[in-house]
$ cat protein.csv   # CSV, C-alpha atoms
chain,number,residue,atom,x,y,z
A,16,MET,CA,197.4,235.5,59.2
A,17,ASN,CA,194.0,234.9,60.9
A,18,ASN,CA,192.8,231.7,62.4
A,19,GLU,CA,190.6,230.8,59.5
A,20,GLN,CA,193.4,231.1,57.0
A,21,GLU,CA,195.7,229.0,59.2
A,22,LEU,CA,193.0,226.4,59.5
A,23,LEU,CA,192.8,226.3,55.7
A,24,TYR,CA,196.6,225.8,55.4
A,25,LYS,CA,196.6,223.1,58.1
A,26,LEU,CA,193.8,221.2,56.2
A,27,ALA,CA,195.8,221.6,53.0
A,28,ILE,CA,198.8,219.8,54.5
A,29,THR,CA,196.7,216.6,54.7
A,30,LEU,CA,195.8,216.9,51.0
A,31,VAL,CA,199.4,217.2,49.7
A,32,PRO,CA,200.2,213.8,48.0
A,33,ASN,CA,202.3,211.4,50.0
A,34,ILE,CA,202.4,213.5,53.1
A,35,GLY,CA,201.7,211.3,56.1
A,36,SER,CA,201.0,212.1,59.7
A,37,LYS,CA,204.6,211.8,60.8
A,38,THR,CA,205.8,214.2,58.0
A,39,ALA,CA,203.0,216.6,58.8
A,40,HIS,CA,204.1,216.8,62.4
A,41,SER,CA,207.7,217.3,61.4
A,42,LEU,CA,206.9,220.1,59.1
A,43,MET,CA,204.7,221.9,61.7
A,44,GLU,CA,207.5,221.5,64.3
A,45,HIS,CA,210.0,223.0,61.9
A,46,PHE,CA,208.1,225.9,60.4
A,47,GLY,CA,205.8,226.7,63.3
A,48,THR,CA,202.6,227.3,61.3
A,49,ALA,CA,201.0,225.7,58.3
A,50,HIS,CA,201.1,229.0,56.4
A,51,ASN,CA,204.9,229.2,56.8
A,52,ILE,CA,205.2,225.7,55.2
A,53,PHE,CA,203.4,226.7,52.1
A,54,LYS,CA,205.3,230.0,51.8
A,55,ALA,CA,208.7,228.6,52.6
A,56,PRO,CA,211.4,228.2,49.9
A,57,LEU,CA,211.2,224.8,48.1
A,58,LYS,CA,214.8,224.1,49.1
A,59,GLU,CA,214.0,224.4,52.8
A,60,ILE,CA,211.0,222.2,52.5
A,61,LYS,CA,212.7,219.4,50.7
A,62,ASN,CA,215.5,219.3,53.3
A,63,ILE,CA,213.0,218.2,56.0
A,64,GLU,CA,213.5,214.6,57.0
A,65,SER,CA,211.6,212.1,54.7
A,66,MET,CA,210.6,214.9,52.2
A,67,GLY,CA,212.7,215.2,49.1
A,68,GLU,CA,212.0,217.3,46.0
A,69,VAL,CA,209.0,215.4,44.6
A,70,LYS,CA,207.0,215.6,47.9
A,71,ALA,CA,208.1,219.2,48.4
A,72,LYS,CA,206.7,220.3,45.1
A,73,GLY,CA,203.3,219.2,46.3
A,74,PHE,CA,203.2,222.4,48.4
A,75,ARG,CA,203.4,224.4,45.2
A,76,ASP,CA,200.4,222.7,43.5
A,77,GLU,CA,197.5,225.1,43.2
A,78,LYS,CA,195.1,222.2,43.2
A,79,VAL,CA,195.9,221.4,46.8
A,80,MET,CA,194.6,224.7,48.0
A,81,GLN,CA,191.6,224.4,45.8
A,82,MET,CA,190.8,221.0,47.3
A,83,ALA,CA,191.3,222.5,50.8
A,84,GLU,CA,188.8,225.3,50.1
A,85,GLU,CA,186.3,222.7,48.8
A,86,GLU,CA,186.8,220.5,51.8
A,87,LEU,CA,186.3,223.4,54.2
A,88,LYS,CA,183.0,224.3,52.5
A,89,TYR,CA,181.9,220.7,52.8
A,90,ILE,CA,182.7,220.4,56.5
A,91,GLU,CA,181.0,223.7,57.3
A,92,LYS,CA,177.9,222.7,55.4
A,93,HIS,CA,177.7,219.3,57.1
A,94,ASN,CA,178.6,220.4,60.7
A,95,ILE,CA,181.8,218.4,60.8
A,96,GLN,CA,184.6,219.3,63.2
A,97,LEU,CA,188.3,219.3,62.3
A,98,LEU,CA,190.4,217.9,65.1
A,99,PHE,CA,194.1,218.4,64.7
A,100,SER,CA,196.5,216.5,67.0
A,101,THR,CA,197.2,219.6,69.0
A,102,ASP,CA,193.6,220.4,69.7
A,103,GLU,CA,192.1,219.8,73.1
A,104,LYS,CA,189.2,217.6,71.8
A,105,TYR,CA,191.5,215.3,69.8
A,106,PRO,CA,191.7,211.9,71.4
A,107,ALA,CA,194.6,212.2,73.9
A,108,ARG,CA,195.3,208.5,73.9
A,109,LEU,CA,195.7,208.5,70.1
A,110,ARG,CA,198.0,211.5,70.3
A,111,GLU,CA,200.4,209.2,72.3
A,112,CYS,CA,200.7,206.9,69.3
A,113,VAL,CA,203.7,207.5,67.1
A,114,ASP,CA,201.6,207.1,63.9
A,115,GLY,CA,198.4,208.9,65.2
A,116,PRO,CA,196.7,210.9,62.5
A,117,PHE,CA,197.6,214.6,62.1
A,118,LEU,CA,193.9,215.3,61.5
A,119,LEU,CA,190.5,213.7,62.3
A,120,TYR,CA,187.2,214.6,60.9
A,121,SER,CA,184.6,214.3,63.7
A,122,LYS,CA,180.8,214.4,63.8
A,123,GLY,CA,178.6,214.1,66.9
A,124,THR,CA,178.9,215.0,70.5
A,125,ALA,CA,180.9,212.1,72.0
A,126,ASP,CA,183.6,212.9,74.4
A,127,LEU,CA,186.7,211.3,72.8
A,128,ASN,CA,188.7,211.7,76.1
A,129,THR,CA,186.2,210.2,78.5
A,130,SER,CA,187.6,207.9,81.3
A,131,LYS,CA,186.8,204.5,79.9
A,132,MET,CA,187.2,204.0,76.1
A,133,VAL,CA,186.5,200.4,75.0
A,134,ALA,CA,186.9,199.1,71.5
A,135,ILE,CA,184.8,196.0,70.6
A,136,VAL,CA,185.7,194.4,67.3
A,137,GLY,CA,185.3,191.1,65.6
A,138,THR,CA,184.3,189.2,62.5
A,139,ARG,CA,181.8,190.5,59.9
A,140,LYS,CA,180.3,187.0,59.8
A,141,ASN,CA,179.4,186.5,63.4
A,142,THR,CA,177.6,183.5,64.9
A,143,GLU,CA,174.7,183.6,67.3
A,144,TYR,CA,177.3,183.0,70.1
A,145,GLY,CA,179.2,186.2,69.0
A,146,GLN,CA,176.0,188.3,69.1
A,147,ARG,CA,175.1,187.0,72.5
A,148,ILE,CA,178.4,187.6,74.2
A,149,THR,CA,178.7,191.1,72.6
A,150,ASP,CA,175.2,192.0,73.9
A,151,ASP,CA,176.0,190.5,77.3
A,152,LEU,CA,179.3,192.3,77.5
A,153,ILE,CA,177.8,195.7,76.8
A,154,GLU,CA,174.9,195.1,79.2
A,155,GLY,CA,177.5,194.3,81.9
A,156,LEU,CA,179.2,197.7,81.2
A,157,GLN,CA,176.0,199.7,81.4
A,158,GLY,CA,176.1,202.1,84.3
A,159,GLN,CA,179.9,202.4,84.3
A,160,GLU,CA,180.8,206.1,84.6
A,161,GLY,CA,182.6,207.5,81.6
A,162,ILE,CA,182.2,204.4,79.3
A,163,THR,CA,182.2,204.8,75.5
A,164,ILE,CA,182.1,202.0,73.0
A,165,VAL,CA,184.2,202.3,69.9
A,166,SER,CA,184.1,200.1,66.8
A,167,GLY,CA,184.5,200.3,63.0
A,168,LEU,CA,180.9,200.4,61.8
A,169,ALA,CA,181.5,197.2,59.7
A,170,HIS,CA,179.0,194.3,59.4
A,171,GLY,CA,178.9,191.8,62.1
A,172,ILE,CA,180.3,192.4,65.6
A,173,ASP,CA,181.0,196.1,65.0
A,174,THR,CA,177.3,196.7,64.1
A,175,ILE,CA,176.1,194.6,67.0
A,176,ALA,CA,178.2,196.6,69.4
A,177,HIS,CA,177.1,199.9,68.1
A,178,LYS,CA,173.4,199.0,68.1
A,179,LYS,CA,173.5,197.5,71.6
A,180,SER,CA,175.2,200.5,72.9
A,181,LEU,CA,172.6,202.8,71.4
A,182,SER,CA,169.8,200.7,72.9
A,183,LEU,CA,171.3,201.1,76.3
A,184,ASN,CA,172.1,204.8,75.9
A,185,ILE,CA,175.8,204.2,76.0
A,186,PRO,CA,177.8,206.6,73.8
A,187,THR,CA,179.3,204.8,70.8
A,188,VAL,CA,181.8,206.0,68.2
A,189,GLY,CA,182.3,204.6,64.8
A,190,VAL,CA,185.6,205.0,63.0
A,191,LEU,CA,185.2,205.1,59.2
A,192,GLY,CA,187.6,203.8,56.6
A,193,THR,CA,186.1,206.3,54.1
A,194,GLY,CA,185.3,210.0,53.9
A,195,MET,CA,182.4,211.4,55.8
A,196,ASP,CA,180.2,211.4,52.7
A,197,ARG,CA,180.3,207.6,52.5
A,198,THR,CA,179.2,205.0,55.0
A,199,TYR,CA,180.6,201.6,54.4
A,200,PRO,CA,178.6,199.4,54.3
A,201,VAL,CA,175.9,201.6,53.0
A,202,SER,CA,173.3,199.7,55.1
A,203,ASN,CA,174.8,201.3,58.2
A,204,LYS,CA,174.1,204.8,57.1
A,205,LYS,CA,171.0,205.1,59.4
A,206,LEU,CA,173.0,203.6,62.3
A,207,ALA,CA,175.8,206.1,61.8
A,208,ASN,CA,173.2,209.0,61.9
A,209,ASP,CA,171.6,207.6,65.0
A,210,MET,CA,175.0,207.4,66.7
A,211,VAL,CA,175.7,211.1,65.8
A,212,HIS,CA,172.4,212.2,67.2
A,213,ASN,CA,172.4,210.2,70.4
A,214,GLY,CA,175.5,211.2,72.3
A,215,GLY,CA,178.0,209.3,70.1
A,216,GLY,CA,179.6,210.1,66.8
A,217,ILE,CA,181.7,209.1,63.8
A,218,LEU,CA,185.3,209.8,63.0
A,219,THR,CA,187.6,209.5,60.0
A,220,GLU,CA,191.0,210.7,58.9
A,221,PHE,CA,189.9,210.7,55.2
A,222,ASN,CA,188.5,213.7,53.3
A,223,HIS,CA,185.2,213.5,51.6
A,224,GLY,CA,185.0,211.8,48.3
A,225,MET,CA,187.5,209.0,49.4
A,226,VAL,CA,186.1,205.7,48.3
A,227,PRO,CA,186.8,202.5,50.3
A,228,GLU,CA,190.0,200.9,49.4
A,229,LYS,CA,191.8,197.9,51.0
A,230,GLY,CA,194.6,199.9,52.4
A,231,MET,CA,192.3,202.3,54.2
A,232,PHE,CA,190.9,199.8,56.7
A,233,PRO,CA,194.2,199.0,58.5
A,234,ARG,CA,194.6,202.8,58.9
A,235,ARG,CA,191.1,202.9,60.4
A,236,ASN,CA,191.9,200.0,62.7
A,237,ARG,CA,194.9,201.9,64.2
A,238,VAL,CA,192.6,204.8,65.1
A,239,VAL,CA,190.2,202.3,66.9
A,240,ALA,CA,193.1,200.7,68.8
A,241,GLY,CA,194.9,203.9,69.5
A,242,MET,CA,192.1,205.9,71.0
A,243,CYS,CA,191.0,203.2,73.4
A,244,ASP,CA,192.2,201.9,76.8
A,245,VAL,CA,191.4,198.3,75.8
A,246,THR,CA,190.4,196.4,72.6
A,247,VAL,CA,188.0,193.5,73.1
A,248,VAL,CA,187.9,190.8,70.3
A,249,VAL,CA,184.7,188.8,70.3
A,250,GLU,CA,185.0,186.5,67.3
A,251,SER,CA,187.7,186.5,64.6
A,252,ASP,CA,189.2,184.1,62.2
A,253,ILE,CA,193.0,183.7,62.1
A,254,SER,CA,193.5,186.4,59.5
A,255,GLY,CA,190.6,188.7,60.4
A,256,GLY,CA,190.9,192.5,60.6
A,257,ALA,CA,190.1,192.3,64.3
A,258,LEU,CA,193.4,190.6,64.8
A,259,ILE,CA,195.2,193.5,63.1
A,260,THR,CA,193.4,195.9,65.5
A,261,ALA,CA,194.3,193.7,68.5
A,262,ARG,CA,198.0,193.6,67.5
A,263,MET,CA,198.1,197.3,66.9
A,264,ALA,CA,196.6,197.9,70.4
A,265,SER,CA,199.2,195.6,71.9
A,266,GLY,CA,201.9,197.5,70.0
A,267,TYR,CA,200.6,200.7,71.6
A,268,ASN,CA,200.9,199.0,75.0
A,269,ARG,CA,197.1,199.0,75.4
A,270,GLU,CA,195.2,196.1,76.9
A,271,VAL,CA,193.7,193.4,74.7
A,272,ALA,CA,191.0,191.0,75.9
A,273,VAL,CA,189.3,188.2,74.0
A,274,PHE,CA,186.5,185.8,74.4
A,275,PRO,CA,187.7,182.2,73.8
A,276,GLY,CA,185.9,179.8,71.5
A,277,ARG,CA,185.9,176.2,70.5
A,278,VAL,CA,189.2,175.0,68.8
A,279,THR,CA,187.1,173.7,65.9
A,280,ASP,CA,185.4,177.0,65.2
A,281,ASN,CA,187.1,179.1,62.6
A,282,ARG,CA,185.5,182.2,63.8
A,283,SER,CA,187.2,181.8,67.1
A,284,ALA,CA,190.6,180.7,65.8
A,285,GLY,CA,191.9,184.3,65.9
A,286,CYS,CA,190.8,184.8,69.5
A,287,ASN,CA,192.3,181.5,70.6
A,288,GLU,CA,195.6,182.5,68.8
A,289,LEU,CA,195.7,185.8,70.7
A,290,ILE,CA,195.4,183.9,73.9
A,291,ARG,CA,198.0,181.3,72.9
A,292,THR,CA,200.6,183.9,72.0
A,293,ASN,CA,199.9,185.9,75.2
A,294,ILE,CA,198.9,189.0,73.3
A,295,ALA,CA,195.5,189.0,75.0
A,296,ALA,CA,193.9,188.2,78.3
A,297,LEU,CA,191.0,185.7,78.4
A,298,ILE,CA,187.7,187.1,79.6
A,299,ASN,CA,184.3,185.5,80.0
A,300,ASN,CA,182.2,188.5,80.8
A,301,ALA,CA,182.1,192.2,81.7
A,302,ASP,CA,183.2,191.7,85.2
A,303,ASP,CA,186.4,190.1,83.9
A,304,LEU,CA,187.0,193.1,81.7
A,305,LEU,CA,186.4,195.5,84.6
A,306,GLU,CA,188.8,193.6,86.8
A,307,LEU,CA,191.5,193.5,84.0
A,308,MET,CA,191.2,197.3,83.7
A,309,ASN,CA,191.0,197.9,87.4
A,310,TRP,CA,187.7,199.7,86.8
A,311,ASN,CA,185.8,197.8,89.5
A,312,LYS,CA,187.2,199.8,92.5
A,313,GLY,CA,184.7,200.4,95.2
A,314,LYS,CA,182.6,197.4,94.2
A,315,LYS,CA,182.3,194.5,96.5
A,316,THR,CA,184.1,191.6,95.2
A,317,LYS,CA,183.9,188.0,96.2
A,318,ALA,CA,186.7,187.0,98.5
A,319,VAL,CA,189.0,184.4,96.9
A,320,GLN,CA,189.8,181.5,99.1
A,321,LYS,CA,193.1,180.0,98.2
A,322,GLN,CA,192.5,176.4,98.8
A,323,LEU,CA,193.4,173.2,97.1
A,324,PHE,CA,191.2,172.5,94.1
A,325,ILE,CA,189.9,169.0,93.8
A,326,ASN,CA,189.9,166.8,90.7
A,327,LEU,CA,193.0,168.4,89.1
A,328,ALA,CA,195.4,166.6,86.9
A,329,PRO,CA,199.0,166.4,88.3
A,330,GLU,CA,200.3,169.1,85.9
A,331,GLU,CA,197.4,171.4,86.8
A,332,GLN,CA,198.1,170.9,90.5
A,333,GLN,CA,201.7,171.8,90.0
A,334,ILE,CA,200.6,175.2,88.6
A,335,ILE,CA,198.1,175.8,91.3
A,336,ASP,CA,200.6,175.0,94.0
A,337,LEU,CA,203.0,177.6,92.7
A,338,LEU,CA,200.3,180.3,92.1
A,339,GLN,CA,199.0,179.9,95.7
A,340,THR,CA,202.4,181.1,97.0
A,341,LYS,CA,202.4,184.4,95.1
A,342,ASP,CA,200.1,187.2,93.9
A,343,PHE,CA,201.0,186.3,90.3
A,344,VAL,CA,203.6,184.2,88.4
A,345,HIS,CA,205.2,184.7,85.0
A,346,ALA,CA,204.8,182.0,82.3
A,347,ASP,CA,208.6,181.5,82.2
A,348,GLU,CA,208.7,180.7,85.9
A,349,LEU,CA,205.8,178.2,85.5
A,350,PHE,CA,207.7,176.6,82.6
A,351,HIS,CA,210.8,176.1,84.8
A,352,HIS,CA,208.8,175.0,87.8
A,353,THR,CA,206.7,172.4,86.1
A,354,GLY,CA,209.1,171.1,83.5
A,355,LEU,CA,206.2,170.9,81.1
A,356,ALA,CA,206.8,171.4,77.3
A,357,ASN,CA,205.7,174.8,76.1
A,358,SER,CA,202.8,173.4,74.2
A,359,GLN,CA,201.6,171.3,77.1
A,360,LEU,CA,202.0,174.2,79.5
A,361,ALA,CA,200.0,176.5,77.2
A,362,ALA,CA,197.2,173.9,76.9
A,363,THR,CA,197.1,173.4,80.7
A,364,LEU,CA,197.0,177.1,81.4
A,365,LEU,CA,194.2,177.6,78.9
A,366,GLY,CA,192.3,174.7,80.4
A,367,LEU,CA,192.6,176.2,83.9
A,368,GLU,CA,191.4,179.5,82.5
A,369,MET,CA,188.4,177.9,80.8
A,370,GLN,CA,187.5,176.4,84.2
A,371,GLY,CA,187.7,179.8,85.8
A,372,ILE,CA,190.4,178.6,88.2
A,373,ILE,CA,193.2,181.0,87.1
A,374,LYS,CA,193.3,184.3,85.3
A,375,ALA,CA,195.8,185.5,82.6
A,376,LEU,CA,197.3,188.9,83.3
A,377,PRO,CA,199.1,191.3,80.9
A,378,GLY,CA,202.8,190.4,80.3
A,379,LYS,CA,202.3,186.6,80.4
A,380,ASN,CA,201.5,186.6,84.1
A,381,TYR,CA,198.9,184.3,85.8
A,382,ARG,CA,197.2,184.3,89.1
A,383,ILE,CA,194.5,182.3,91.0
A,384,ASN,CA,191.1,183.6,90.0

$ encode --input "protein.csv" --output "structure tokens"
Amino acid sequence: MNNEQELLYKLAITLVPNIGSKTAHSLMEHFGTAHNIFKAPLKEIKNIESMGEVKAKGFRDEKVMQMAEEELKYIEKHNIQLLFSTDEKYPARLRECVDGPFLLYSKGTADLNTSKMVAIVGTRKNTEYGQRITDDLIEGLQGQEGITIVSGLAHGIDTIAHKKSLSLNIPTVGVLGTGMDRTYPVSNKKLANDMVHNGGGILTEFNHGMVPEKGMFPRRNRVVAGMCDVTVVVESDISGGALITARMASGYNREVAVFPGRVTDNRSAGCNELIRTNIAALINNADDLLELMNWNKGKKTKAVQKQLFINLAPEEQQIIDLLQTKDFVHADELFHHTGLANSQLAATLLGLEMQGIIKALPGKNYRIN
């Protein structure tokens, strides 16, 4: 069995109906090689956890190998790389995720394991405010060594993030919810090509010919969240796809940061909800993000003078008094110390954050800014 044949069989695993990433990994662990899986007795295959006879029979379907051969011809013709989860170039952060894809199709020259991977996501129907803060954020990240911007190539914030990154020569990677032969939306086809040819790239876990379907985009979102150190949400309504990405990132124990918005603005409702539920840290600019991620080492920072703030409401002063005694304080301790109702405490903390007096940290902790 040569390497090319083994590659064909590994690709074929992903084309067997109802075989997900977890099952593919289990099969490879048990049989050692993809070739062994396809040549193993049906009885042995179906006894693998989560398999069963119906799924196992898929490894006897001649159409699967035909599809794999066609797919291999397509990727060779279009200069596409196959990145299996055991490959060195596969995103290492994504490999840590329990549901990370067994295979990614990759095009471009982006380093998917560079030191600072930042996802920027948001609504497809952005406001001028959303465009401005996205542009400002990326401008503030320019010059950071090892920075790569990741998004989903959708309309709105995704497109703004990719275009701004390109304009500043920052590598940017788009994760598709379709096969490599389709760009969704079609209007971003040129943008995707520009990313590929200017130090960035595009990724997908779907074989060519896959048309966009509703269930494919949450799968795309988990790749965005899983391959990045931090997910930044710029604008999102309460049920937006960006919130799915943010919650996935939080579930992977990755940082989530959001820009707050007006409570009356539907496009900021999702961002404000992520802050309210302590899933995300509030940021106002790139410097806040760099501080959150501890990426500003070696830079001169303004010394913080822990002094009494003037013109504070009594409940605000209670919080500040406690925060001045420690490096950071958990929300539960603030609740017990102040005696404020949960809703009032949350509103007071948000107000202090909006004034730039305190800063939210991961794990529901707060400190003087």

$ closest_residue --input "protein.csv" --among "A:Met225, A:Leu307, A:Ala361, A:Val238" --to "A:Thr292" --atoms "only C-alpha atoms"
A:Ala361

$ closest_atom_pairs --input "protein.csv" --of "stretch 89-134 of chain A" --to "stretch 41-47 of chain A" --cutoff "12 Å" --atoms "all atoms listed in the file" --output "Markdown table"
| residue | atom | partner | partner_atom | distance |
| --- | --- | --- | --- | --- |
| A:Phe99 | CA | A:Met43 | CA | 11.6 |
| A:Ser100 | CA | A:Met43 | CA | 11.2 |
| A:Thr101 | CA | A:Met43 | CA | 10.7 |
| A:Phe117 | CA | A:Met43 | CA | 10.2 |

$ atom_distance --input "protein.csv" --atom1 "atom CA of A:Ile185" --atom2 "atom CA of A:Pro106"
18.3 Å

$ closest_atom_pairs --input "protein.csv" --of "stretch 219-297 of chain A" --to "stretch 23-32 of chain A" --cutoff "12 Å" --atoms "all atoms listed in the file" --output "JSON lines"
{"residue": "A:Glu220", "atom": "CA", "partner": "A:Thr29", "partner_atom": "CA", "distance": 9.2}
{"residue": "A:Phe221", "atom": "CA", "partner": "A:Thr29", "partner_atom": "CA", "distance": 9.0}
{"residue": "A:Asn222", "atom": "CA", "partner": "A:Leu30", "partner_atom": "CA", "distance": 8.3}
{"residue": "A:His223", "atom": "CA", "partner": "A:Leu30", "partner_atom": "CA", "distance": 11.1}
{"residue": "A:Met225", "atom": "CA", "partner": "A:Leu30", "partner_atom": "CA", "distance": 11.6}

$ closest_residue --input "protein.csv" --among "A:His177, A:Gln146, A:Ala169, A:Asp196" --to "A:His93" --atoms "all atoms listed in the file"
A:Asp196

$ atom_distance --input "protein.csv" --atom1 "atom CA of A:Ile172" --atom2 "atom CA of A:Val239"
14.1 Å

$ residues_around --input "protein.csv" --residues "A:Lys37" --least-positions-apart "5" --cutoff "10 Å" --atoms "all atoms listed in the file" --output "mmCIF file with C-alpha atoms, in the coordinates of the input"
data_model
loop_
_atom_site.group_PDB
_atom_site.id
_atom_site.type_symbol
_atom_site.label_atom_id
_atom_site.label_comp_id
_atom_site.auth_asym_id
_atom_site.auth_seq_id
_atom_site.Cartn_x
_atom_site.Cartn_y
_atom_site.Cartn_z
ATOM 1 C CA LEU A 42 206.900 220.100 59.100
ATOM 2 C CA SER A 65 211.600 212.100 54.700
ATOM 3 C CA VAL A 113 203.700 207.500 67.100
ATOM 4 C CA ASP A 114 201.600 207.100 63.900
ATOM 5 C CA GLY A 115 198.400 208.900 65.200
ATOM 6 C CA PRO A 116 196.700 210.900 62.500
ATOM 7 C CA PHE A 117 197.600 214.600 62.100
#

$ atom_distance --input "protein.csv" --atom1 "atom CA of A:Ala362" --atom2 "atom CA of A:Arg282"
19.4 Å

$ residues_around --input "protein.csv" --residues "A:Phe274" --least-positions-apart "6" --cutoff "8 Å" --atoms "all atoms listed in the file" --output "list of chain:residue names"
A:Val247, A:Val248, A:Val249, A:Glu250, A:Cys286, A:Leu297, A:Ile298, A:Asn299

$ residues_near_point --input "protein.csv" --point "(178.8, 186.1, 67.1)" --cutoff "12 Å" --atoms "only C-alpha atoms" --output "PDB file with C-alpha atoms, in the coordinates of the input"
ATOM      1  CA  VAL A 136     185.700 194.400  67.300  1.00  0.00           C
ATOM      2  CA  GLY A 137     185.300 191.100  65.600  1.00  0.00           C
ATOM      3  CA  THR A 138     184.300 189.200  62.500  1.00  0.00           C
ATOM      4  CA  ARG A 139     181.800 190.500  59.900  1.00  0.00           C
ATOM      5  CA  LYS A 140     180.300 187.000  59.800  1.00  0.00           C
ATOM      6  CA  ASN A 141     179.400 186.500  63.400  1.00  0.00           C
ATOM      7  CA  THR A 142     177.600 183.500  64.900  1.00  0.00           C
ATOM      8  CA  GLU A 143     174.700 183.600  67.300  1.00  0.00           C
ATOM      9  CA  TYR A 144     177.300 183.000  70.100  1.00  0.00           C
ATOM     10  CA  GLY A 145     179.200 186.200  69.000  1.00  0.00           C
ATOM     11  CA  GLN A 146     176.000 188.300  69.100  1.00  0.00           C
ATOM     12  CA  ARG A 147     175.100 187.000  72.500  1.00  0.00           C
ATOM     13  CA  ILE A 148     178.400 187.600  74.200  1.00  0.00           C
ATOM     14  CA  THR A 149     178.700 191.100  72.600  1.00  0.00           C
ATOM     15  CA  ASP A 150     175.200 192.000  73.900  1.00  0.00           C
ATOM     16  CA  ASP A 151     176.000 190.500  77.300  1.00  0.00           C
ATOM     17  CA  HIS A 170     179.000 194.300  59.400  1.00  0.00           C
ATOM     18  CA  GLY A 171     178.900 191.800  62.100  1.00  0.00           C
ATOM     19  CA  ILE A 172     180.300 192.400  65.600  1.00  0.00           C
ATOM     20  CA  ASP A 173     181.000 196.100  65.000  1.00  0.00           C
ATOM     21  CA  THR A 174     177.300 196.700  64.100  1.00  0.00           C
ATOM     22  CA  ILE A 175     176.100 194.600  67.000  1.00  0.00           C
ATOM     23  CA  ALA A 176     178.200 196.600  69.400  1.00  0.00           C
ATOM     24  CA  VAL A 248     187.900 190.800  70.300  1.00  0.00           C
ATOM     25  CA  VAL A 249     184.700 188.800  70.300  1.00  0.00           C
ATOM     26  CA  GLU A 250     185.000 186.500  67.300  1.00  0.00           C
ATOM     27  CA  SER A 251     187.700 186.500  64.600  1.00  0.00           C
ATOM     28  CA  ASP A 252     189.200 184.100  62.200  1.00  0.00           C
ATOM     29  CA  PHE A 274     186.500 185.800  74.400  1.00  0.00           C
ATOM     30  CA  PRO A 275     187.700 182.200  73.800  1.00  0.00           C
ATOM     31  CA  GLY A 276     185.900 179.800  71.500  1.00  0.00           C
ATOM     32  CA  ASP A 280     185.400 177.000  65.200  1.00  0.00           C
ATOM     33  CA  ASN A 281     187.100 179.100  62.600  1.00  0.00           C
ATOM     34  CA  ARG A 282     185.500 182.200  63.800  1.00  0.00           C
ATOM     35  CA  SER A 283     187.200 181.800  67.100  1.00  0.00           C
TER      36      SER A 283
END

$ residues_near_point --input "protein.csv" --point "(191.8, 199.1, 78.4)" --cutoff "8 Å" --atoms "only C-alpha atoms" --output "PyMOL selection string"
chain A and resi 131-133+243-246+269-271+307-308

$ closest_residue --input "protein.csv" --among "A:Gly155, A:Gly256, A:Gly366, A:Gly378" --to "A:Glu331" --atoms "all atoms listed in the file"
A:Gly366

$ residues_around --input "protein.csv" --residues "A:Met66" --least-positions-apart "2" --cutoff "10 Å" --atoms "all atoms listed in the file" --output "PDB file with C-alpha atoms, keeping the file's coordinate frame"
ATOM      1  CA  ASN A  33     202.300 211.400  50.000  1.00  0.00           C
ATOM      2  CA  ILE A  34     202.400 213.500  53.100  1.00  0.00           C
ATOM      3  CA  THR A  38     205.800 214.200  58.000  1.00  0.00           C
ATOM      4  CA  SER A  41     207.700 217.300  61.400  1.00  0.00           C
ATOM      5  CA  LEU A  42     206.900 220.100  59.100  1.00  0.00           C
ATOM      6  CA  ILE A  60     211.000 222.200  52.500  1.00  0.00           C
ATOM      7  CA  LYS A  61     212.700 219.400  50.700  1.00  0.00           C
ATOM      8  CA  ASN A  62     215.500 219.300  53.300  1.00  0.00           C
ATOM      9  CA  ILE A  63     213.000 218.200  56.000  1.00  0.00           C
ATOM     10  CA  GLU A  64     213.500 214.600  57.000  1.00  0.00           C
ATOM     11  CA  GLU A  68     212.000 217.300  46.000  1.00  0.00           C
ATOM     12  CA  VAL A  69     209.000 215.400  44.600  1.00  0.00           C
ATOM     13  CA  LYS A  70     207.000 215.600  47.900  1.00  0.00           C
ATOM     14  CA  ALA A  71     208.100 219.200  48.400  1.00  0.00           C
ATOM     15  CA  LYS A  72     206.700 220.300  45.100  1.00  0.00           C
TER      16      LYS A  72
END

$ closest_residue --input "protein.csv" --among "A:Ile95, A:Met195, A:Ala261, A:Met242" --to "A:Thr163" --atoms "all atoms listed in the file"
A:Met242

$ closest_residue --input "protein.csv" --among "A:Gly123, A:Gly354, A:Gly35, A:Gly192" --to "A:Gln96" --atoms "all atoms listed in the file"
A:Gly123

$ closest_residue --input "protein.csv" --among "A:Gly255, A:Glu348, A:Leu168, A:Asn268" --to "A:Arg235" --atoms "only C-alpha atoms"
A:Leu168
